[in-house]
Structure formats: structure tokens, C-alpha cells
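Colleague: Input file: work_1.cif. Contents: mmCIF, C-alpha atoms and all ligand atoms.
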data_data
loop_
_atom_site.label_atom_id
_atom_site.label_comp_id
_atom_site.auth_asym_id
_atom_site.auth_seq_id
_atom_site.Cartn_x
_atom_site.Cartn_y
_atom_site.Cartn_z
CA MET A 1 -68.53 57.37 105.78
CA LYS A 2 -65.78 54.88 104.95
CA LYS A 3 -66.68 51.22 105.51
CA LYS A 4 -64.96 49.33 108.30
CA ILE A 5 -63.87 45.80 109.17
CA ILE A 6 -64.14 45.12 112.91
CA ILE A 7 -62.00 42.35 114.42
CA SER A 8 -63.04 41.09 117.89
CA LYS A 9 -60.56 40.07 120.61
CA PRO A 10 -58.99 36.74 119.57
CA PHE A 11 -60.01 33.59 121.45
CA ILE A 12 -59.00 29.94 121.46
CA GLU A 13 -61.44 27.11 120.75
CA GLU A 14 -61.15 23.35 120.88
CA GLU A 15 -63.84 21.66 118.87
CA LYS A 16 -64.43 18.62 116.65
CA SER A 17 -63.04 19.09 113.20
CA ASP A 18 -62.88 17.25 109.90
CA ILE A 19 -59.33 18.54 109.32
CA PHE A 20 -57.33 17.41 112.36
CA LYS A 21 -58.17 14.62 114.82
CA ASN A 22 -57.21 16.83 117.77
CA SER A 23 -57.82 20.38 116.71
CA VAL A 24 -57.37 23.84 118.19
CA LYS A 25 -58.36 27.13 116.61
CA LEU A 26 -57.22 30.71 117.12
CA CYS A 27 -60.40 32.63 116.30
CA ALA A 28 -61.81 36.15 116.05
CA HIS A 29 -65.21 37.36 114.96
CA ILE A 30 -64.96 39.62 111.93
CA THR A 31 -67.76 42.04 111.13
CA MET A 32 -67.75 43.46 107.61
CA GLU A 33 -69.81 43.91 104.48
CA ASN A 34 -69.28 40.67 102.57
CA PRO A 35 -67.80 41.74 99.20
CA ASN A 36 -69.51 38.81 97.44
CA THR A 37 -73.05 39.35 98.79
CA GLN A 38 -72.91 43.05 99.87
CA LYS A 39 -74.50 41.96 103.18
CA LEU A 40 -73.16 43.04 106.58
CA GLU A 41 -72.00 39.85 108.29
CA LYS A 42 -70.36 38.77 111.54
CA LYS A 43 -68.37 35.62 110.88
CA LYS A 44 -65.75 33.59 112.70
CA CYS A 45 -62.29 33.76 111.16
CA TYR A 46 -59.92 31.02 112.35
CA PHE A 47 -56.45 29.52 112.09
CA GLU A 48 -56.70 25.80 112.85
CA PHE A 49 -53.79 23.67 114.07
CA ASN A 50 -53.10 20.32 115.70
CA ARG A 51 -53.74 20.65 119.45
CA GLU A 52 -50.04 20.26 120.29
CA TYR A 53 -49.67 23.90 119.16
CA LYS A 54 -52.28 25.28 121.58
CA LYS A 55 -49.68 26.62 124.04
CA TYR A 56 -48.06 28.65 121.26
CA LEU A 57 -51.18 30.48 120.03
CA CYS A 58 -51.07 34.25 120.55
CA ASP A 59 -54.53 35.43 121.63
CA THR A 60 -53.37 38.72 123.17
CA ARG A 61 -52.62 40.50 119.85
CA SER A 62 -54.64 41.14 116.70
CA ASP A 63 -51.57 40.80 114.44
CA ALA A 64 -52.59 37.51 112.76
CA PHE A 65 -56.09 38.72 111.89
CA VAL A 66 -55.07 42.21 110.74
CA MET A 67 -52.40 40.72 108.46
CA GLY A 68 -54.71 37.96 107.28
CA ILE A 69 -57.34 40.44 106.13
CA LEU A 70 -55.11 43.39 105.14
CA SER A 71 -55.09 42.73 101.38
CA SER A 72 -58.88 42.36 101.35
CA ALA A 73 -59.30 45.64 103.26
CA MET A 74 -56.93 47.44 100.87
CA GLU A 75 -58.68 46.00 97.80
CA LEU A 76 -62.12 47.01 99.13
CA GLY A 77 -61.00 50.30 100.67
CA TYR A 78 -62.28 49.37 104.18
CA ASP A 79 -60.54 50.60 107.36
CA ILE A 80 -59.68 47.93 109.96
CA GLU A 81 -60.63 48.33 113.66
CA PHE A 82 -59.26 45.78 116.14
CA LYS A 83 -60.37 45.18 119.75
CA ALA A 84 -57.10 43.60 120.98
CA PRO A 85 -53.83 45.52 120.47
CA ILE A 86 -51.55 45.13 117.48
CA SER A 87 -47.73 45.05 117.81
CA GLU A 88 -46.52 48.67 117.81
CA LYS A 89 -43.62 48.14 115.40
CA LEU A 90 -45.93 46.39 112.93
CA TYR A 91 -48.47 49.23 113.14
CA TYR A 92 -45.76 51.84 112.51
CA GLN A 93 -44.36 50.02 109.48
CA LEU A 94 -47.76 49.27 107.94
CA THR A 95 -49.20 52.76 108.37
CA THR A 96 -46.03 54.71 107.53
CA TYR A 97 -44.64 52.64 104.66
CA TYR A 98 -46.55 49.56 103.44
CA ILE A 99 -50.13 50.82 103.12
CA PRO A 100 -49.37 54.28 101.66
CA MET A 101 -46.67 53.01 99.27
CA VAL A 102 -48.41 49.88 97.96
CA SER A 103 -51.70 51.76 97.45
CA LYS A 104 -49.95 54.64 95.67
CA HIS A 105 -48.02 52.42 93.27
CA ASN A 106 -50.81 49.96 92.39
CA PRO A 107 -53.71 52.07 91.08
CA THR A 108 -54.65 49.48 88.42
CA TYR A 109 -55.31 46.59 90.76
CA PRO A 110 -56.39 48.76 92.78
CA MET A 111 -55.11 48.80 96.33
CA HIS A 112 -56.54 51.59 98.50
CA SER A 113 -54.99 53.49 101.39
CA ILE A 114 -56.78 52.50 104.62
CA LYS A 115 -56.57 53.22 108.36
CA LEU A 116 -55.76 50.80 111.16
CA ILE A 117 -57.69 51.68 114.32
CA GLY A 118 -56.95 50.26 117.78
CA ASP A 119 -54.46 50.02 120.66
CA LEU A 120 -50.75 49.21 120.32
CA ASP A 121 -48.45 46.98 122.38
CA ASN A 122 -44.63 46.97 122.29
CA THR A 123 -43.94 44.38 124.99
CA LYS A 124 -41.92 41.27 124.16
CA ILE A 125 -43.67 37.93 123.82
CA GLU A 126 -41.68 34.98 125.18
CA ASN A 127 -41.21 32.39 122.48
CA SER A 128 -39.46 29.10 121.73
CA LYS A 129 -37.22 30.52 118.97
CA ALA A 130 -38.48 28.26 116.20
CA VAL A 131 -37.34 28.99 112.64
CA ALA A 132 -39.99 28.25 110.03
CA THR A 133 -40.81 28.57 106.36
CA GLY A 134 -43.91 28.01 104.27
CA TYR A 135 -43.95 25.06 101.85
CA SER A 136 -45.27 24.77 98.31
CA GLY A 137 -43.06 21.99 96.94
CA GLY A 138 -41.61 24.22 94.21
CA VAL A 139 -38.08 25.33 93.36
CA ASP A 140 -38.18 28.49 95.54
CA SER A 141 -39.48 26.55 98.51
CA PHE A 142 -36.83 23.81 98.25
CA TYR A 143 -34.07 26.40 97.86
CA THR A 144 -35.08 27.83 101.25
CA ILE A 145 -35.26 24.37 102.83
CA ILE A 146 -31.83 23.25 101.54
CA LYS A 147 -30.13 26.59 102.24
CA HIS A 148 -31.46 26.90 105.80
CA GLY A 149 -31.60 23.20 106.61
CA LYS A 150 -28.85 20.93 107.86
CA ILE A 151 -26.04 22.80 106.04
CA CYS A 152 -26.86 26.16 107.68
CA ASP A 153 -24.04 26.86 110.14
CA ILE A 154 -25.73 29.73 111.98
CA ALA A 155 -27.74 28.06 114.72
CA THR A 156 -30.16 30.98 115.15
CA ASN A 157 -31.17 30.80 111.48
CA LYS A 158 -31.36 27.04 111.09
CA LEU A 159 -34.75 25.78 109.97
CA THR A 160 -36.77 23.80 112.53
CA HIS A 161 -40.33 23.80 111.13
CA ILE A 162 -42.20 23.61 107.81
CA VAL A 163 -45.52 25.45 107.67
CA PHE A 164 -48.16 24.10 105.33
CA ASN A 165 -51.22 26.33 105.09
CA SER A 166 -54.37 26.38 103.02
CA ASN A 167 -53.87 29.92 101.65
CA CYS A 168 -53.62 30.89 98.00
CA THR A 169 -56.64 28.87 96.92
CA SER A 170 -58.53 29.88 93.80
CA ASP A 171 -61.49 27.78 94.90
CA ASN A 172 -64.45 28.85 97.04
CA ASN A 173 -65.83 25.41 97.83
CA GLU A 174 -64.96 24.46 101.41
CA GLU A 175 -65.23 20.70 100.86
CA ARG A 176 -62.93 20.74 97.82
CA ILE A 177 -60.42 23.06 99.51
CA LYS A 178 -60.23 20.74 102.52
CA LYS A 179 -59.80 17.60 100.36
CA THR A 180 -57.04 19.22 98.30
CA TYR A 181 -55.35 20.49 101.46
CA LEU A 182 -55.37 17.12 103.24
CA LYS A 183 -54.09 15.30 100.16
CA LYS A 184 -51.08 17.61 99.83
CA LEU A 185 -50.50 17.57 103.61
CA GLU A 186 -49.60 13.83 103.49
CA GLU A 187 -46.86 14.59 100.96
CA VAL A 188 -45.59 17.57 103.02
CA GLU A 189 -45.39 15.53 106.23
CA ALA A 190 -43.45 12.74 104.49
CA MET A 191 -41.00 15.28 103.02
CA ALA A 192 -40.56 17.12 106.36
CA LYS A 193 -39.88 13.85 108.18
CA GLU A 194 -37.10 12.99 105.74
CA ALA A 195 -35.67 16.51 106.13
CA ASN A 196 -35.79 16.11 109.93
CA LEU A 197 -38.16 19.07 110.28
CA LYS A 198 -41.46 19.36 112.13
CA THR A 199 -44.61 20.11 110.15
CA ILE A 200 -46.97 22.85 111.28
CA ALA A 201 -50.24 22.25 109.45
CA CYS A 202 -52.54 25.27 109.43
CA TYR A 203 -55.97 25.31 107.84
CA ASN A 204 -57.69 28.69 107.81
CA ASN A 205 -60.78 30.30 106.30
CA LEU A 206 -59.24 33.66 105.31
CA TYR A 207 -60.51 33.20 101.73
CA GLU A 208 -64.08 33.71 103.01
CA PHE A 209 -63.23 37.35 103.72
CA TYR A 210 -61.93 38.08 100.20
CA LYS A 211 -63.71 39.10 97.02
CA PHE A 212 -64.09 36.18 94.59
CA PRO A 213 -62.20 35.28 92.34
CA PHE A 214 -59.62 36.19 94.99
CA ARG A 215 -57.48 38.58 92.98
CA ALA A 216 -56.07 40.43 96.01
CA PHE A 217 -55.85 37.15 97.98
CA ASN A 218 -53.60 35.60 95.35
CA MET A 219 -51.74 38.69 94.08
CA PHE A 220 -50.85 40.25 97.46
CA TYR A 221 -50.34 37.10 99.51
CA SER A 222 -47.17 37.60 101.57
CA THR A 223 -49.17 39.27 104.33
CA THR A 224 -51.70 36.41 104.44
CA ASN A 225 -48.97 33.75 104.36
CA GLY A 226 -47.14 35.57 107.16
CA SER A 227 -50.30 35.73 109.27
CA ILE A 228 -49.74 32.13 110.41
CA ALA A 229 -46.42 33.15 112.01
CA TYR A 230 -48.22 35.88 114.01
CA ALA A 231 -50.79 33.32 115.17
CA LEU A 232 -47.84 31.30 116.55
CA GLN A 233 -45.83 34.20 117.97
CA LYS A 234 -45.06 32.19 121.11
CA LEU A 235 -43.28 29.59 118.96
CA ILE A 236 -41.77 31.25 115.87
CA LYS A 237 -38.91 33.73 116.02
CA ILE A 238 -37.80 33.73 112.37
CA TYR A 239 -39.96 33.12 109.30
CA TYR A 240 -38.60 32.74 105.75
CA ILE A 241 -40.90 33.51 102.85
CA SER A 242 -39.43 32.09 99.65
CA SER A 243 -38.86 34.72 97.00
CA GLY A 244 -40.12 34.01 93.49
CA GLY A 245 -37.66 36.33 91.77
CA PRO A 246 -34.32 38.07 92.19
CA ILE A 247 -33.91 41.56 93.63
CA SER A 248 -33.20 42.87 90.08
CA GLU A 249 -36.94 42.44 89.34
CA PHE A 250 -37.97 44.64 92.28
CA SER A 251 -40.81 47.04 91.60
CA LEU A 252 -43.70 48.28 93.71
CA ASP A 253 -45.80 48.74 90.57
CA LEU A 254 -47.09 45.39 89.32
CA ASP A 255 -48.07 46.98 85.99
CA ARG A 256 -44.39 47.40 85.18
CA ILE A 257 -43.57 43.75 85.60
CA ASN A 258 -46.24 41.96 83.68
CA GLY A 259 -46.99 38.44 84.85
CA HIS A 260 -45.72 38.83 88.41
CA ASP A 261 -47.38 39.23 91.75
CA SER A 262 -46.43 41.05 94.96
CA GLN A 263 -43.50 38.70 95.57
CA VAL A 264 -41.44 41.08 93.39
CA PHE A 265 -41.47 43.55 96.26
CA ASP A 266 -41.34 41.00 99.10
CA VAL A 267 -38.09 42.46 100.42
CA PHE A 268 -40.04 45.65 101.14
CA THR A 269 -43.21 43.90 102.38
CA LEU A 270 -41.35 41.60 104.75
CA SER A 271 -39.30 44.45 106.22
CA CYS A 272 -42.65 46.04 107.12
CA MET A 273 -43.89 42.81 108.73
CA ASN A 274 -41.22 42.48 111.44
CA THR A 275 -42.32 42.93 115.04
CA GLU A 276 -40.60 43.16 118.43
CA ASN A 277 -40.89 39.33 118.48
CA LEU A 278 -40.72 38.08 114.94
CA SER A 279 -38.34 38.54 111.95
CA PHE A 280 -39.25 37.85 108.33
CA TYR A 281 -36.74 37.26 105.51
CA SER A 282 -37.22 37.08 101.74
CA SER A 283 -35.23 33.90 101.15
CA GLY A 284 -33.76 33.47 97.66
CA MET A 285 -33.96 37.07 96.46
CA GLU A 286 -30.16 36.95 96.20
CA CYS A 287 -30.22 34.70 93.12
CA ARG A 288 -32.10 33.76 89.94
CA ARG A 289 -34.37 30.74 89.52
CA ILE A 290 -31.78 28.94 87.40
CA ASP A 291 -29.18 29.46 90.17
CA LYS A 292 -31.61 27.93 92.65
CA ILE A 293 -32.12 24.87 90.44
CA GLU A 294 -28.37 24.36 90.18
CA TYR A 295 -28.14 24.68 93.96
CA ILE A 296 -30.81 22.07 94.74
CA ILE A 297 -30.80 19.47 91.93
CA LYS A 298 -28.32 17.07 93.51
CA GLU A 299 -30.32 16.76 96.75
CA PRO A 300 -32.17 13.41 97.05
CA LEU A 301 -34.98 15.18 98.96
CA VAL A 302 -35.56 17.49 95.99
CA GLN A 303 -35.31 14.67 93.45
CA LYS A 304 -38.03 12.83 95.34
CA TYR A 305 -40.44 15.63 96.26
CA LEU A 306 -40.06 18.56 93.82
CA SER A 307 -43.61 19.47 92.84
CA VAL A 308 -43.94 22.48 90.55
CA CYS A 309 -47.32 21.63 89.02
CA PRO A 310 -50.39 23.70 89.98
CA TYR A 311 -52.70 20.98 88.63
CA SER A 312 -51.43 17.84 90.36
CA SER A 313 -53.45 18.50 93.54
CA PHE A 314 -56.69 18.63 91.52
CA GLN A 315 -56.34 15.04 90.36
CA ASP A 316 -58.76 12.49 91.72
CA ILE A 317 -57.80 12.12 95.37
CA ASN A 318 -58.65 8.42 95.34
CA LYS A 319 -56.16 7.59 92.60
CA ASN A 320 -52.42 7.32 92.90
CA SER A 321 -51.42 10.65 91.48
CA VAL A 322 -48.09 12.04 90.34
CA LEU A 323 -46.47 15.18 91.74
CA ASN A 324 -46.19 16.85 88.32
CA CYS A 325 -48.34 16.58 85.17
CA SER A 326 -45.30 17.31 82.92
CA ILE A 327 -47.41 19.05 80.27
CA CYS A 328 -48.49 22.36 81.82
CA GLU A 329 -46.60 25.63 81.47
CA LYS A 330 -44.93 25.37 84.89
CA CYS A 331 -43.86 21.76 84.40
CA LEU A 332 -42.47 22.44 80.92
CA ARG A 333 -40.56 25.50 82.15
CA THR A 334 -38.97 23.43 84.93
CA LEU A 335 -38.22 20.51 82.57
CA THR A 336 -36.32 22.90 80.30
CA GLU A 337 -34.42 24.41 83.23
CA LEU A 338 -33.49 20.95 84.52
CA TYR A 339 -32.32 19.96 81.03
CA VAL A 340 -30.10 23.05 80.92
CA CYS A 341 -28.69 22.31 84.38
CA GLY A 342 -28.15 18.61 83.69
CA GLY A 343 -30.58 17.41 86.34
CA GLY A 344 -30.94 13.97 84.74
CA LYS A 345 -32.51 12.01 87.59
CA ILE A 346 -35.06 14.63 88.51
CA LEU A 347 -35.73 15.33 84.82
CA GLN A 348 -36.69 11.70 84.34
CA SER A 349 -39.05 11.69 87.28
CA LEU A 350 -40.67 14.98 86.25
CA ALA A 351 -41.03 13.92 82.62
CA LYS A 352 -42.27 10.38 83.16
CA LEU A 353 -45.65 11.06 81.56
CA LEU A 354 -44.00 12.33 78.42
CA MET A 355 -41.68 9.37 77.95
ZN ZN B 1 -47.97 20.47 85.46
#
Render the structure in this file as C-alpha cells.

Modeller:
Amino acid sequence: MKKKIIISKPFIEEEKSDIFKNSVKLCAHITMENPNTQKLEKKKCYFEFNREYKKYLCDTRSDAFVMGILSSAMELGYDIEFKAPISEKLYYQLTTYYIPMVSKHNPTYPMHSIKLIGDLDNTKIENSKAVATGYSGGVDSFYTIIKHGKICDIATNKLTHIVFNSNCTSDNNEERIKKTYLKKLEEVEAMAKEANLKTIACYNNLYEFYKFPFRAFNMFYSTTNGSIAYALQKLIKIYYISSGGPISEFSLDLDRINGHDSQVFDVFTLSCMNTENLSFYSSGMECRRIDKIEYIIKEPLVQKYLSVCPYSSFQDINKNSVLNCSICEKCLRTLTELYVCGGGKILQSLAKLLM
């Protein structure tokens, strides 16, 4: 018999936390065979926020938890059973298009075809029409912020919130993950304040339900990143996920586009993630990375906060660290692109260790 992940009805908890002073968690108990120990376990999965977001947490749907664990289930070949309903439109899109197509076209990774088992709900959820995007500090992220920030003349699409989550970690040490997260959060909050946007900080423990070293977690991450928007379905109406590449690189088969992850088919993934309440967009797929750099380099916000380096957050948290190391592959790539685009001021700040 095929193995199964069982997600309990979601519930809300207020408890002391070492992440936020006043914390609230959207939780569900997840029962599954732990892929790292092969033991059957029942563990609490949670999305943790500042308590001001309590009224926006959606505990009547399983959407956040199903999407948070979907890539793990597909990697392991486990079906998912949920005790609270999932949004009907989301169920239709996942079971008709996303799961069969991604599993068929990624045999190497591999991603398996799985079943989703549980009730559906197509009723509307009242929400506050917030427009949000995730934040990494990189070029793609800033392109979304500048494009949909103060210059956006369509009120419905204008950015109101920045989401900073703890996803996409390659670490499995809770203490280190929390330290790294809180260190970066300070920088995100300062940037958001200057951009006149509110910060939604979300710490979650989704990584605990993935097979180490988190290949599926970090290769097929748009569903996990989007899961935070489902947790806040009473707040968020539109969610932009920044695209890492142009539409010309689209392929469902990651083997064909060596060096890329699932962001190359985000336009497909995100179209399957929409619900009756929530719309996702792949922001930036309309242009190349070099076009994005040209678009953002004159912005003082970008010149101050652009952070492309994957290693800067691992520096000693007690020392005054820099946003970019200026010697790793990502930093050097961006330095070259800035040189080509004539981004003098930002080039100097990025390259200060080299000079
Ligand atoms: Zn670097």
C-alpha cells in the first residue's frame, strides 16, 4: 500500500517563542514516515508570525500545509490526506495539471505522481486585499519591489507587504537556522521601512518534513514559498513570486536546463496555485536578468540593500558584517553585470572588499 502523509485540522496557538516577542502560530499535526529516520512520527508543523497577524490566519483550510509539504510528498511518493478542506480550485489545478505534469517531466529528480485525499471548499474567504511578495535581497526580488512599489499605477496590484520567511535553508540545525533568520530579518525590516512597506516575518519548520539534504525543498520551492500566502488568506489577495529567469528559458524538464531549479516553470506552477481567494504572479519573467539590473540600479533603496551573496548570512552574527562577500560566484556575476550596466555607486559598495 502507498504511504500517506496525514495533515490534521489546522489550529492556532499562542505560546512563548524565541523568534518573536509576541508570537502566534498556525499549526497542524503531520503524521508521516520521517524520510531521515524511517520512523512513523506525528509532529507539529507551524507557520509562526507576530501576533498582530493572528486575525488573518486561515485555520479553516488545509491549503498552507498541503502546499508546504507537496514537494516532499512528491519526492517521497507519499499521498497526502487532509482533515480540513482544501480550496476546490487549487485541488483541481494540482491534481489535473501540476502533479501529473511535473512528475512526468522530472523522472531524474525524481518527482512522483501522488493523490490528494480530503474534502473541497469553493467558498470565498473575506480578506483585506493586501499585495505581497517574498524577499531575498537579490536582483529578482528588488525588480519586483521597484516595479510594483510606489511607481505602480494600478492600485489593485500595488505592493503593500514584504514577506520574509525561513524557507530554502540548506541547514538542519534549528538554532543556527533561527540565528541566521533573525539576523537577516533586521536588514529586511530596515529596507521595508524605507520602501514604505510592512514586513510580514514568518518562521516555519517545513524543512523538518523534507529529506535531508533538502533537494526537493530547495529545487521545487515555489509551492513552499507560496504556502505562507495561504496561511494568511484573510490578508493577502495577490502574491508575487520573483522569477529567476525569462520565459524563453521555460521548461518543465529540469534536465534540459542544467543549473536551474523549478523557477524556470514558475509561470506554470503559479497558475496552478491560484484559488478563489488568492492570485499568484511570476514577476519578472517578462525580461532578462540584465534588463532587471538596468531597471533597478539607479534606485537608492537598491544601492543600499542589494544583497546577492548566499554566504553573507553565515558570517559571525556578533560582528558587523557586509551584505555581499564580493568573491563568490554570485557576487562576481553581479559585479560584472553592474560593470556592464554602469552601476558605479552600487558596484563600489558591492566590491568594497576587493578594493
Ligand atoms: Zn558573495

Colleague: At a cut-off of 6 Å and counting all atoms listed in the file, what residues surround ligand ZN 1 (chain B)? Please answer as an mmCIF file with C-alpha atoms, in the coordinates of the input.

Modeller:
data_model
loop_
_atom_site.group_PDB
_atom_site.id
_atom_site.type_symbol
_atom_site.label_atom_id
_atom_site.label_comp_id
_atom_site.auth_asym_id
_atom_site.auth_seq_id
_atom_site.Cartn_x
_atom_site.Cartn_y
_atom_site.Cartn_z
ATOM 1 C CA CYS A 309 -47.320 21.630 89.020
ATOM 2 C CA TYR A 311 -52.700 20.980 88.630
ATOM 3 C CA ASN A 324 -46.190 16.850 88.320
ATOM 4 C CA CYS A 325 -48.340 16.580 85.170
ATOM 5 C CA SER A 326 -45.300 17.310 82.920
ATOM 6 C CA ILE A 327 -47.410 19.050 80.270
ATOM 7 C CA CYS A 328 -48.490 22.360 81.820
ATOM 8 C CA LYS A 330 -44.930 25.370 84.890
ATOM 9 C CA CYS A 331 -43.860 21.760 84.400
#

Colleague: Report, in Å to a single decimal, how far apart CA of Lys129 in chain A and CA of Pro300 in chain A are.

Modeller: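 These two atoms are separated by 28.3 Å.
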
Colleague: What lies within 8 Å of Phe280 in chain A using all atoms listed in the file, ignoring chain neighbours under 6 positions off, as JSON, numbers by chain?

Modeller: {"A": [238, 239, 240, 241, 270, 271, 273, 274]}

Colleague: Rank nothing, just name the residue among A:Gln303, A:Thr275, A:Ser103, A:Thr144 nearest to Ile86 in chain A, using all atoms listed in the file.

Modeller: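 Of the candidates, the smallest distance to Ile86 in chain A is held by A:Thr275.
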
Colleague: Between range 52-152 of chain A and range 249-258 of chain A, at 12 Å or less, what are the per-residue closest atom pairs and their distances in Å? Count all atoms listed in the file, order by chain and rising residue number, and return it as a tab-separated table.

Modeller:
residue	atom	partner	partner_atom	distance
A:Tyr97	CA	A:Leu252	CA	11.8
A:Tyr98	CA	A:Leu252	CA	10.2
A:Ile99	CA	A:Leu252	CA	11.7
A:Pro100	CA	A:Leu252	CA	11.5
A:Met101	CA	A:Leu252	CA	7.9
A:Val102	CA	A:Leu252	CA	6.5
A:Ser103	CA	A:Leu252	CA	9.5
A:Lys104	CA	A:Asp253	CA	8.8
A:His105	CA	A:Asp253	CA	5.1
A:Asn106	CA	A:Asp253	CA	5.5
A:Pro107	CA	A:Asp253	CA	8.6
A:Thr108	CA	A:Asp255	CA	7.4
A:Tyr109	CA	A:Leu254	CA	8.4
A:Pro110	CA	A:Leu254	CA	10.5
A:Met111	CA	A:Asp253	CA	10.9
